[in-house]
Amino acid sequence: MKKAITVISIMLLLMLTACGAPTPQKAGETASTDKKEDVKTLTVAGNGGVIERTIRDVIAPKYKEKTGVTINYVPGLSGEILSKVELQKSAPQIDVAFFVPTDVFRAADKELTETVDESNVPNMKSVKTDFIAVEGAGAPVFGLAIAPAYNTEAFEKNGWAIKSWNDLVSEKYNGRTAFVDITNDWGFNTLNALAMANGGGTDNVDPGMEKAKELAGYSTTFYKNSTQVMPAIQQGAADITVMGSYVIGELALSGIPIKMAVPEEGIPLQSFSATLVKNTPKEEAALEFIDYLISDEAQELVAEQGFYPVAEGLELPEKYQESIGLKESDATFKPDVPKFAEVRAEWSDRWNKEVVPEIGKLLK
Amino acid sequence: MEPVRSHADQETSPKITTEPPKKQKKMKKRRSWVPGLLLLVPILLFLFGFFVVPMLYILYLSFISTENLSGADAVYSLQNYITLFTDSYYLNSLWITVKISIYSVIVALLLGYPIALTMAKSSARVRAIITLLIASPLLVSIVVRNFGWYLLLLPNGTINSFLLNIGIINKPLNLLFSELGVVIGLSNAYLPFMVLAIVTSLYNIDPSLEKASAILGASPMRSFFSITLPLSLPGIISGSVLVFSLSMSAYVTPALMGGANVPVMPVVVYDQINNLLHWTFGSALSYVLLATTLLSVFIFTRVFEKSKFKEVFR
């Protein structure tokens with residue numbers, strides 16, 4: 001018995017020792033992997049769906065043709081990727097991570113990413129500044145706006161229009177709405193915009209919370225998962241929603257009668273940004289890839305998928321103009337991302353306790 | 001001259017005969033469990049590495065309190081647990097989770113028992129077909145199944161449209177984004193576990209018992225309630241424990257079918273960890289969820305094991 005216990009203990013100890021975190025390679029320390037010419041693959045993590053398709057099927061093959069570097073894409077939600085990067089911070093498996101703006105800030109705040117600016121990514125010079133989430137923390141790649149969208153047929157038939165963010169809140173929709181929960185960026189930006197439309201803002205969310213309670217009252221739910229909003233629109237279960245412009249463009253292109261609305265208070269412009277993961281042994285190759293992502297060539301490919309091009313001088317393709325095209329007169333703004341990160345937990349907490357219990361209460 | 005053979009058994013055999021009988025018995029006993037233990041080593045190592053170590057790490061995290069995203073102000077404290085037990089939102093979430101899990105067990109049991117009974121009474125061929133049918137939903141991803149349910153249960157989905165068209169209802173039923181929707185999803189997803197657990201205990205019932213009760217004049221109903229049902233209790237208990245535990249920890253179904261309206265614990269934990277990056281608070285929530293599940297299962301099984309049917313558990 002004792003012998004068996006000893007054997008098992010030794011094995012467990014050996015295993016525990018093996019569990020220890022490996023010593024991280026300092027940037028530039030390893031001669032073999034750090035050299036540009038040795039890098040054959042880069043691991044890129046980012047959102048699934050259209051972003052994954054764009055990188056994996058459109059950009060990666062072009063990039064391989066140009067440089068010989070294979071891009072391995074790991075799909076996941078922004079928050080999940082941030083958790084992964086944090087867990088692997090001593091020995092990163094991901095070289096380039098895509099984040100939504102708040103996570104760009106949180107990653108930088110937690111010192112999980114390295115600086116990305118004009119000094120190491122030359123193409124940053126020609127990037128539209130409105131799309132930059134946090135200065136120096138990443139390169140904006142997939143430009144978008146978070147905006148209301150509506151069923152054009154239902155709105156035309158009923159003579160409805162969205163002139164203000166407050167027009168999202170109405171009993172006339174009879175519960176045929178599809179808004180996401182605050183845990184998602186679309187929901188968070190909706191609350192921020194409702195605050196702005198009612199005399200508040202990121203500094204003062206109280207008016208937004210009050211209006212959001214009314215919004216909840218006229219809603220059947222707030223979706224926990226944004227991927228459910230698309231089928232709700234496609235099935236005709238909802239006439240109004242708030243979503244990313246690229247999704248609206250994609251739905252419209254597939255024949256769904258949907259269009260983006262730009263309320264007078266404006267819509268927040270932002271981007272999925274590529275960040276350089278700290279301690280990656282492939283820093284130089286990763287920076288080159290990021291630089292390529294914001295080059296005119298790559299941005300044209302990105303725009304073809306329904307994202308606003310972030311490079312100066314490029315326009316959204318004609319096929320998307322009708323559904324998500326932005327006119328000169330359309331009001332847009334750049335959200336205060338660091339402030340968003342600061343208030344996120346508090347707003348979520350208040351939303352869960354004050355807004356969610358009101359769901360459906362005003363529906364007849 | 002014949003060389004002295006140094007074969008082990010020849011050398012040791014005289015020794016063995018001199019050993020006291022008690023020690024011999026002990027050695028024999030030891031030999032019998034050593035191979036068993038060795039067979040267990042791979043799974044023990046696997047569980048230790050991939051279950052015990054991460055769970056201990058999560059437990060450790062749950063005792064760390066931090067407000068700062070970078071964890072700069074982290075201190076050891078019970079603050080996470082204090083917040084959890086003093087904030088009605090989290091307690092309510094725990095209550096909703098327990099409530100929904102109990103409902104799911106009841107629905108799965110009511111739907112599953114007749115199926116299990118039919119299987120137990122059928123021929124081997126029919127039984128095989130039913131088993132395949134019962135297990136077939138497990139072959140489809142839970143996400144895909146939930147999207148199927150979602151499209152069926154939408155206000156303008158198949159079920160509501162059908163009921164509206166035949167005039168049973170005037171306005172769409174609130175099937176989605178309610179506790180009802182989540183219970184439908186969970187009991188559907190975990191029905192196979194209930195059926196397979198009950199049917200196993202039904203197979204073990206001696207058929208002559210029912211015959212004997214019939215000979216003694218008991219009606220089929222009486223036979224069922226006096227013999228079949230009590231003897232299948234171990235299956236009912238194990239099926240219920242399985243469905244309850246799985247429902248308590250379910251994330252996908254409550255998130256997709258309940259939306260924000262049904263904030264069950266796993267969804268709250270996910271939000272805390274992945275959206276708010278409150279790892280340590282999320283860890284504390286996980287442990288309270290785990291403790292609640294274990295305690296509920298313990299109380300549930302103890303109640304039955306101490307009941308008047310305790311004989312069937314021996």
# chains A, B, ... in the order shown; residues from 1 in each chain; ligands from 1

$ interface_residues --of "chain B" --to "chain A" --cutoff "8 Å" --atoms "only C-alpha atoms" --output "PyMOL selection string"
chain B and resi 30+34+41+45+49+69-70+89+154-156+177+255-256+259-261+271+274-277

$ write_last_selection --atoms "C-alpha atoms" --output "tab-separated table (two decimals), in the first residue's frame"
chain	number	residue	atom	x	y	z
B	30	ARG	CA	-2.92	-6.47	-1.27
B	34	VAL	CA	-2.95	-3.25	-6.58
B	41	VAL	CA	-4.08	5.80	-12.07
B	45	LEU	CA	-4.09	11.74	-12.92
B	49	GLY	CA	-4.65	17.68	-13.63
B	69	LEU	CA	-8.85	45.78	-13.61
B	70	SER	CA	-5.13	45.18	-13.47
B	89	TYR	CA	-29.70	40.10	-7.26
B	154	LEU	CA	-40.77	32.82	-31.47
B	155	PRO	CA	-43.95	34.93	-31.16
B	156	ASN	CA	-44.43	34.46	-34.90
B	177	PHE	CA	-37.58	34.52	-22.92
B	255	ALA	CA	-28.80	32.24	-22.42
B	256	LEU	CA	-30.50	31.53	-25.74
B	259	GLY	CA	-32.44	36.09	-22.76
B	260	ALA	CA	-31.93	38.66	-20.04
B	261	ASN	CA	-35.27	37.70	-18.45
B	271	ASP	CA	-20.92	37.77	-17.58
B	274	ASN	CA	-15.88	37.24	-19.60
B	275	ASN	CA	-17.62	40.58	-19.90
B	276	LEU	CA	-16.68	42.40	-16.73
B	277	LEU	CA	-13.40	40.53	-16.15

$ closest_residue --among "A:Val100, A:Ala261, A:Ile290, A:Ala212" --to "A:Ile248" --atoms "only C-alpha atoms"
A:Ala261

$ select_by_dssp --residues "stretch 98-304 of chain A" --states "strand (DSSP E or B)" --output "MDAnalysis selection string"
chainID A and resid 98:99 113:114 116 127 137 139:151 177:180 222:223 240:244 258:260 267:277

$ select_by_dssp --residues "stretch 127-277 of chain A" --states "alpha helix (DSSP H)" --output "PyMOL selection string"
chain A and resi 152-158+185-197+206-217+229-234+245-253

$ write_last_selection --atoms "N, CA and C atoms" --output "compact mmCIF listing (two decimals), in the first residue's frame"
# COMPACT_ATOMS: atom_id res chain seq x y z
N THR A 152 -37.51 48.23 -43.29
CA THR A 152 -37.96 49.33 -44.17
C THR A 152 -39.44 49.17 -44.56
N GLU A 153 -39.87 47.93 -44.75
CA GLU A 153 -41.26 47.70 -45.17
C GLU A 153 -42.23 48.10 -44.06
N ALA A 154 -41.95 47.62 -42.84
CA ALA A 154 -42.84 47.93 -41.72
C ALA A 154 -42.87 49.43 -41.45
N PHE A 155 -41.71 50.07 -41.55
CA PHE A 155 -41.64 51.51 -41.25
C PHE A 155 -42.37 52.32 -42.31
N GLU A 156 -42.21 51.91 -43.57
CA GLU A 156 -42.88 52.63 -44.65
C GLU A 156 -44.39 52.48 -44.53
N LYS A 157 -44.83 51.25 -44.25
CA LYS A 157 -46.26 50.95 -44.14
C LYS A 157 -46.91 51.78 -43.02
N ASN A 158 -46.21 51.91 -41.91
CA ASN A 158 -46.78 52.60 -40.76
C ASN A 158 -46.42 54.08 -40.67
N ASP A 185 -21.61 44.92 -26.65
CA ASP A 185 -21.29 46.30 -27.00
C ASP A 185 -22.46 47.06 -27.63
N TRP A 186 -23.28 46.32 -28.38
CA TRP A 186 -24.44 46.98 -28.99
C TRP A 186 -25.37 47.51 -27.90
N GLY A 187 -25.56 46.70 -26.87
CA GLY A 187 -26.43 47.11 -25.76
C GLY A 187 -25.83 48.25 -24.96
N PHE A 188 -24.54 48.16 -24.73
CA PHE A 188 -23.84 49.18 -23.94
C PHE A 188 -23.92 50.54 -24.65
N ASN A 189 -23.68 50.51 -25.96
CA ASN A 189 -23.73 51.76 -26.72
C ASN A 189 -25.15 52.31 -26.81
N THR A 190 -26.14 51.42 -26.79
CA THR A 190 -27.53 51.88 -26.80
C THR A 190 -27.81 52.68 -25.53
N LEU A 191 -27.37 52.15 -24.40
CA LEU A 191 -27.59 52.84 -23.13
C LEU A 191 -26.87 54.19 -23.13
N ASN A 192 -25.64 54.20 -23.63
CA ASN A 192 -24.88 55.46 -23.68
C ASN A 192 -25.60 56.49 -24.55
N ALA A 193 -26.11 56.02 -25.71
CA ALA A 193 -26.79 56.93 -26.63
C ALA A 193 -28.11 57.43 -26.02
N LEU A 194 -28.81 56.55 -25.29
CA LEU A 194 -30.05 56.97 -24.64
C LEU A 194 -29.76 58.03 -23.57
N ALA A 195 -28.62 57.87 -22.89
CA ALA A 195 -28.22 58.88 -21.90
C ALA A 195 -27.97 60.22 -22.61
N MET A 196 -27.25 60.14 -23.74
CA MET A 196 -26.94 61.36 -24.51
C MET A 196 -28.22 62.05 -25.00
N ALA A 197 -29.16 61.24 -25.45
CA ALA A 197 -30.39 61.80 -26.03
C ALA A 197 -31.30 62.42 -24.98
N ASP A 206 -27.77 58.48 -15.60
CA ASP A 206 -29.11 58.41 -14.99
C ASP A 206 -30.26 58.61 -15.98
N PRO A 207 -30.21 59.68 -16.83
CA PRO A 207 -31.33 59.84 -17.78
C PRO A 207 -31.44 58.64 -18.74
N GLY A 208 -30.28 58.06 -19.08
CA GLY A 208 -30.27 56.89 -19.95
C GLY A 208 -30.92 55.69 -19.29
N MET A 209 -30.61 55.52 -18.00
CA MET A 209 -31.19 54.39 -17.26
C MET A 209 -32.72 54.51 -17.22
N GLU A 210 -33.19 55.74 -16.99
CA GLU A 210 -34.64 55.96 -16.92
C GLU A 210 -35.30 55.60 -18.24
N LYS A 211 -34.67 56.06 -19.34
CA LYS A 211 -35.24 55.78 -20.67
C LYS A 211 -35.13 54.28 -20.98
N ALA A 212 -34.02 53.66 -20.53
CA ALA A 212 -33.82 52.23 -20.79
C ALA A 212 -34.89 51.39 -20.08
N LYS A 213 -35.36 51.88 -18.93
CA LYS A 213 -36.42 51.14 -18.23
C LYS A 213 -37.68 51.10 -19.09
N GLU A 214 -37.93 52.25 -19.75
CA GLU A 214 -39.08 52.31 -20.65
C GLU A 214 -38.87 51.38 -21.85
N LEU A 215 -37.62 51.39 -22.35
CA LEU A 215 -37.27 50.52 -23.48
C LEU A 215 -37.52 49.06 -23.10
N ALA A 216 -37.12 48.71 -21.86
CA ALA A 216 -37.32 47.34 -21.37
C ALA A 216 -38.81 47.02 -21.29
N GLY A 217 -39.57 48.01 -20.82
CA GLY A 217 -41.01 47.82 -20.68
C GLY A 217 -41.68 47.44 -21.99
N VAL A 229 -30.02 38.05 -32.79
CA VAL A 229 -30.74 39.20 -33.35
C VAL A 229 -30.96 39.01 -34.85
N MET A 230 -29.95 38.45 -35.52
CA MET A 230 -30.06 38.25 -36.97
C MET A 230 -31.25 37.37 -37.34
N PRO A 231 -31.39 36.15 -36.72
CA PRO A 231 -32.58 35.36 -37.06
C PRO A 231 -33.89 36.06 -36.70
N ALA A 232 -33.87 36.86 -35.62
CA ALA A 232 -35.11 37.57 -35.24
C ALA A 232 -35.52 38.54 -36.35
N ILE A 233 -34.53 39.20 -36.94
CA ILE A 233 -34.81 40.13 -38.05
C ILE A 233 -35.21 39.34 -39.29
N GLN A 234 -34.44 38.28 -39.55
CA GLN A 234 -34.72 37.47 -40.75
C GLN A 234 -36.10 36.83 -40.71
N SER A 245 -22.98 48.20 -37.90
CA SER A 245 -23.33 48.55 -39.28
C SER A 245 -23.02 47.42 -40.26
N TYR A 246 -21.92 46.68 -40.02
CA TYR A 246 -21.53 45.62 -40.98
C TYR A 246 -22.58 44.51 -41.03
N VAL A 247 -23.26 44.27 -39.89
CA VAL A 247 -24.30 43.23 -39.88
C VAL A 247 -25.52 43.73 -40.66
N ILE A 248 -25.83 45.01 -40.47
CA ILE A 248 -26.97 45.60 -41.20
C ILE A 248 -26.69 45.48 -42.71
N GLY A 249 -25.47 45.85 -43.10
CA GLY A 249 -25.08 45.80 -44.52
C GLY A 249 -25.20 44.39 -45.07
N GLU A 250 -24.75 43.43 -44.30
CA GLU A 250 -24.76 42.02 -44.74
C GLU A 250 -26.20 41.52 -44.87
N LEU A 251 -27.05 41.88 -43.89
CA LEU A 251 -28.46 41.45 -43.93
C LEU A 251 -29.15 42.07 -45.15
N ALA A 252 -28.88 43.37 -45.37
CA ALA A 252 -29.52 44.06 -46.50
C ALA A 252 -29.10 43.43 -47.82
N LEU A 253 -27.82 43.09 -47.89
CA LEU A 253 -27.29 42.49 -49.12
C LEU A 253 -27.93 41.12 -49.39

$ residues_around --residues "A:Lys319" --least-positions-apart "3" --cutoff "12 Å" --atoms "only C-alpha atoms" --output "ChimeraX atom specification"
/A:249-250,252-255,303-307,315-316,322-325

$ write_last_selection --atoms "C-alpha atoms" --output "CSV table (one decimal), in the first residue's frame"
chain,number,residue,atom,x,y,z
A,249,GLY,CA,-25.1,45.8,-44.5
A,250,GLU,CA,-24.8,42.0,-44.7
A,252,ALA,CA,-29.5,44.1,-46.5
A,253,LEU,CA,-27.3,42.5,-49.1
A,254,SER,CA,-29.0,39.1,-48.5
A,255,GLY,CA,-32.3,40.6,-49.3
A,303,ALA,CA,-14.7,47.3,-47.0
A,304,GLU,CA,-15.9,44.7,-49.5
A,305,GLN,CA,-17.2,42.8,-46.5
A,306,GLY,CA,-19.3,45.7,-45.3
A,307,PHE,CA,-16.9,47.5,-42.9
A,315,GLU,CA,-14.9,54.7,-49.5
A,316,LEU,CA,-17.5,52.0,-48.7
A,322,GLU,CA,-28.1,52.3,-49.6
A,323,SER,CA,-28.2,50.3,-46.3
A,324,ILE,CA,-25.3,51.7,-44.3
A,325,GLY,CA,-23.7,54.5,-46.3

$ residues_around --residues "A:Pro335" --least-positions-apart "2" --cutoff "7 Å" --atoms "only C-alpha atoms" --output "number ranges by chain"
A: 268, 333, 337

$ atom_distance --atom1 "atom CA of A:Glu328" --atom2 "atom CA of A:Val121"
29.3 Å

$ decode --residues "stretch 196-293 of chain B" --atoms "C-alpha atoms" --output "PDB file, in the first residue's frame"
ATOM      1  CA  LEU B 196     -31.645   5.856 -19.701  1.00  0.00           C
ATOM      2  CA  ALA B 197     -31.212   6.035 -15.908  1.00  0.00           C
ATOM      3  CA  ILE B 198     -34.780   4.856 -15.205  1.00  0.00           C
ATOM      4  CA  VAL B 199     -34.783   2.131 -17.818  1.00  0.00           C
ATOM      5  CA  THR B 200     -31.641   0.592 -16.318  1.00  0.00           C
ATOM      6  CA  SER B 201     -33.360   0.157 -12.968  1.00  0.00           C
ATOM      7  CA  LEU B 202     -36.531  -1.133 -14.643  1.00  0.00           C
ATOM      8  CA  TYR B 203     -34.519  -3.848 -16.405  1.00  0.00           C
ATOM      9  CA  ASN B 204     -33.353  -5.094 -13.016  1.00  0.00           C
ATOM     10  CA  ILE B 205     -36.848  -5.706 -11.642  1.00  0.00           C
ATOM     11  CA  ASP B 206     -37.601  -9.408 -11.436  1.00  0.00           C
ATOM     12  CA  PRO B 207     -40.623  -9.988 -13.778  1.00  0.00           C
ATOM     13  CA  SER B 208     -41.919 -12.753 -11.497  1.00  0.00           C
ATOM     14  CA  LEU B 209     -42.758 -10.122  -8.864  1.00  0.00           C
ATOM     15  CA  GLU B 210     -45.438  -8.614 -11.083  1.00  0.00           C
ATOM     16  CA  LYS B 211     -46.761 -12.053 -11.948  1.00  0.00           C
ATOM     17  CA  ALA B 212     -46.935 -12.892  -8.260  1.00  0.00           C
ATOM     18  CA  SER B 213     -48.853  -9.737  -7.492  1.00  0.00           C
ATOM     19  CA  ALA B 214     -51.277 -10.464 -10.339  1.00  0.00           C
ATOM     20  CA  ILE B 215     -51.825 -13.989  -9.021  1.00  0.00           C
ATOM     21  CA  LEU B 216     -52.529 -12.519  -5.617  1.00  0.00           C
ATOM     22  CA  GLY B 217     -55.212 -10.359  -7.177  1.00  0.00           C
ATOM     23  CA  ALA B 218     -53.508  -6.969  -7.533  1.00  0.00           C
ATOM     24  CA  SER B 219     -54.656  -4.782 -10.414  1.00  0.00           C
ATOM     25  CA  PRO B 220     -52.001  -3.601 -12.898  1.00  0.00           C
ATOM     26  CA  MET B 221     -52.262  -0.150 -11.318  1.00  0.00           C
ATOM     27  CA  ARG B 222     -51.670  -1.550  -7.837  1.00  0.00           C
ATOM     28  CA  SER B 223     -48.749  -3.640  -9.125  1.00  0.00           C
ATOM     29  CA  PHE B 224     -47.221  -0.549 -10.659  1.00  0.00           C
ATOM     30  CA  PHE B 225     -47.471   1.585  -7.535  1.00  0.00           C
ATOM     31  CA  SER B 226     -46.494  -1.207  -5.111  1.00  0.00           C
ATOM     32  CA  ILE B 227     -43.758  -2.938  -7.094  1.00  0.00           C
ATOM     33  CA  THR B 228     -42.513  -1.244 -10.277  1.00  0.00           C
ATOM     34  CA  LEU B 229     -42.417   2.352  -9.075  1.00  0.00           C
ATOM     35  CA  PRO B 230     -40.674   1.701  -5.723  1.00  0.00           C
ATOM     36  CA  LEU B 231     -38.178  -0.683  -7.306  1.00  0.00           C
ATOM     37  CA  SER B 232     -37.347   1.851 -10.009  1.00  0.00           C
ATOM     38  CA  LEU B 233     -36.641   4.556  -7.413  1.00  0.00           C
ATOM     39  CA  PRO B 234     -32.849   4.179  -7.678  1.00  0.00           C
ATOM     40  CA  GLY B 235     -33.142   4.960 -11.413  1.00  0.00           C
ATOM     41  CA  ILE B 236     -35.482   7.878 -10.757  1.00  0.00           C
ATOM     42  CA  ILE B 237     -33.068   9.265  -8.170  1.00  0.00           C
ATOM     43  CA  SER B 238     -29.982   8.915 -10.352  1.00  0.00           C
ATOM     44  CA  GLY B 239     -31.830  10.354 -13.383  1.00  0.00           C
ATOM     45  CA  SER B 240     -33.099  13.277 -11.306  1.00  0.00           C
ATOM     46  CA  VAL B 241     -29.647  13.962  -9.859  1.00  0.00           C
ATOM     47  CA  LEU B 242     -28.166  13.946 -13.363  1.00  0.00           C
ATOM     48  CA  VAL B 243     -30.810  16.252 -14.854  1.00  0.00           C
ATOM     49  CA  PHE B 244     -30.697  18.544 -11.810  1.00  0.00           C
ATOM     50  CA  SER B 245     -26.902  18.891 -11.836  1.00  0.00           C
ATOM     51  CA  LEU B 246     -26.782  19.428 -15.599  1.00  0.00           C
ATOM     52  CA  SER B 247     -29.579  22.032 -15.396  1.00  0.00           C
ATOM     53  CA  MET B 248     -27.867  23.869 -12.545  1.00  0.00           C
ATOM     54  CA  SER B 249     -24.744  24.291 -14.649  1.00  0.00           C
ATOM     55  CA  ALA B 250     -26.421  24.857 -18.040  1.00  0.00           C
ATOM     56  CA  TYR B 251     -25.344  28.010 -19.829  1.00  0.00           C
ATOM     57  CA  VAL B 252     -26.297  27.789 -23.517  1.00  0.00           C
ATOM     58  CA  THR B 253     -29.999  26.963 -23.109  1.00  0.00           C
ATOM     59  CA  PRO B 254     -30.804  29.630 -20.485  1.00  0.00           C
ATOM     60  CA  ALA B 255     -28.800  32.244 -22.417  1.00  0.00           C
ATOM     61  CA  LEU B 256     -30.502  31.528 -25.741  1.00  0.00           C
ATOM     62  CA  MET B 257     -34.010  30.666 -24.531  1.00  0.00           C
ATOM     63  CA  GLY B 258     -34.225  32.964 -21.533  1.00  0.00           C
ATOM     64  CA  GLY B 259     -32.438  36.086 -22.757  1.00  0.00           C
ATOM     65  CA  ALA B 260     -31.928  38.663 -20.040  1.00  0.00           C
ATOM     66  CA  ASN B 261     -35.265  37.704 -18.450  1.00  0.00           C
ATOM     67  CA  VAL B 262     -33.920  34.550 -16.805  1.00  0.00           C
ATOM     68  CA  PRO B 263     -30.555  35.405 -15.239  1.00  0.00           C
ATOM     69  CA  VAL B 264     -29.473  31.958 -14.044  1.00  0.00           C
ATOM     70  CA  MET B 265     -26.187  31.589 -12.159  1.00  0.00           C
ATOM     71  CA  PRO B 266     -24.036  30.184 -15.005  1.00  0.00           C
ATOM     72  CA  VAL B 267     -25.037  33.147 -17.194  1.00  0.00           C
ATOM     73  CA  VAL B 268     -24.220  35.582 -14.370  1.00  0.00           C
ATOM     74  CA  VAL B 269     -20.858  33.836 -13.809  1.00  0.00           C
ATOM     75  CA  TYR B 270     -20.072  34.062 -17.526  1.00  0.00           C
ATOM     76  CA  ASP B 271     -20.919  37.767 -17.580  1.00  0.00           C
ATOM     77  CA  GLN B 272     -18.786  38.451 -14.523  1.00  0.00           C
ATOM     78  CA  ILE B 273     -15.762  36.585 -15.874  1.00  0.00           C
ATOM     79  CA  ASN B 274     -15.881  37.243 -19.602  1.00  0.00           C
ATOM     80  CA  ASN B 275     -17.616  40.581 -19.902  1.00  0.00           C
ATOM     81  CA  LEU B 276     -16.679  42.405 -16.734  1.00  0.00           C
ATOM     82  CA  LEU B 277     -13.397  40.526 -16.146  1.00  0.00           C
ATOM     83  CA  HIS B 278     -14.325  40.097 -12.474  1.00  0.00           C
ATOM     84  CA  TRP B 279     -12.547  36.779 -12.285  1.00  0.00           C
ATOM     85  CA  THR B 280     -12.436  36.572  -8.536  1.00  0.00           C
ATOM     86  CA  PHE B 281     -16.098  37.409  -7.975  1.00  0.00           C
ATOM     87  CA  GLY B 282     -17.073  35.014 -10.782  1.00  0.00           C
ATOM     88  CA  SER B 283     -15.036  32.321  -9.020  1.00  0.00           C
ATOM     89  CA  ALA B 284     -16.898  32.894  -5.767  1.00  0.00           C
ATOM     90  CA  LEU B 285     -20.223  32.692  -7.630  1.00  0.00           C
ATOM     91  CA  SER B 286     -19.096  29.395  -9.222  1.00  0.00           C
ATOM     92  CA  TYR B 287     -18.273  27.901  -5.855  1.00  0.00           C
ATOM     93  CA  VAL B 288     -21.579  28.936  -4.328  1.00  0.00           C
ATOM     94  CA  LEU B 289     -23.355  27.390  -7.327  1.00  0.00           C
ATOM     95  CA  LEU B 290     -21.342  24.195  -6.901  1.00  0.00           C
ATOM     96  CA  ALA B 291     -22.008  24.057  -3.165  1.00  0.00           C
ATOM     97  CA  THR B 292     -25.747  24.608  -3.722  1.00  0.00           C
ATOM     98  CA  THR B 293     -25.856  21.806  -6.298  1.00  0.00           C
TER      99      THR B 293
END
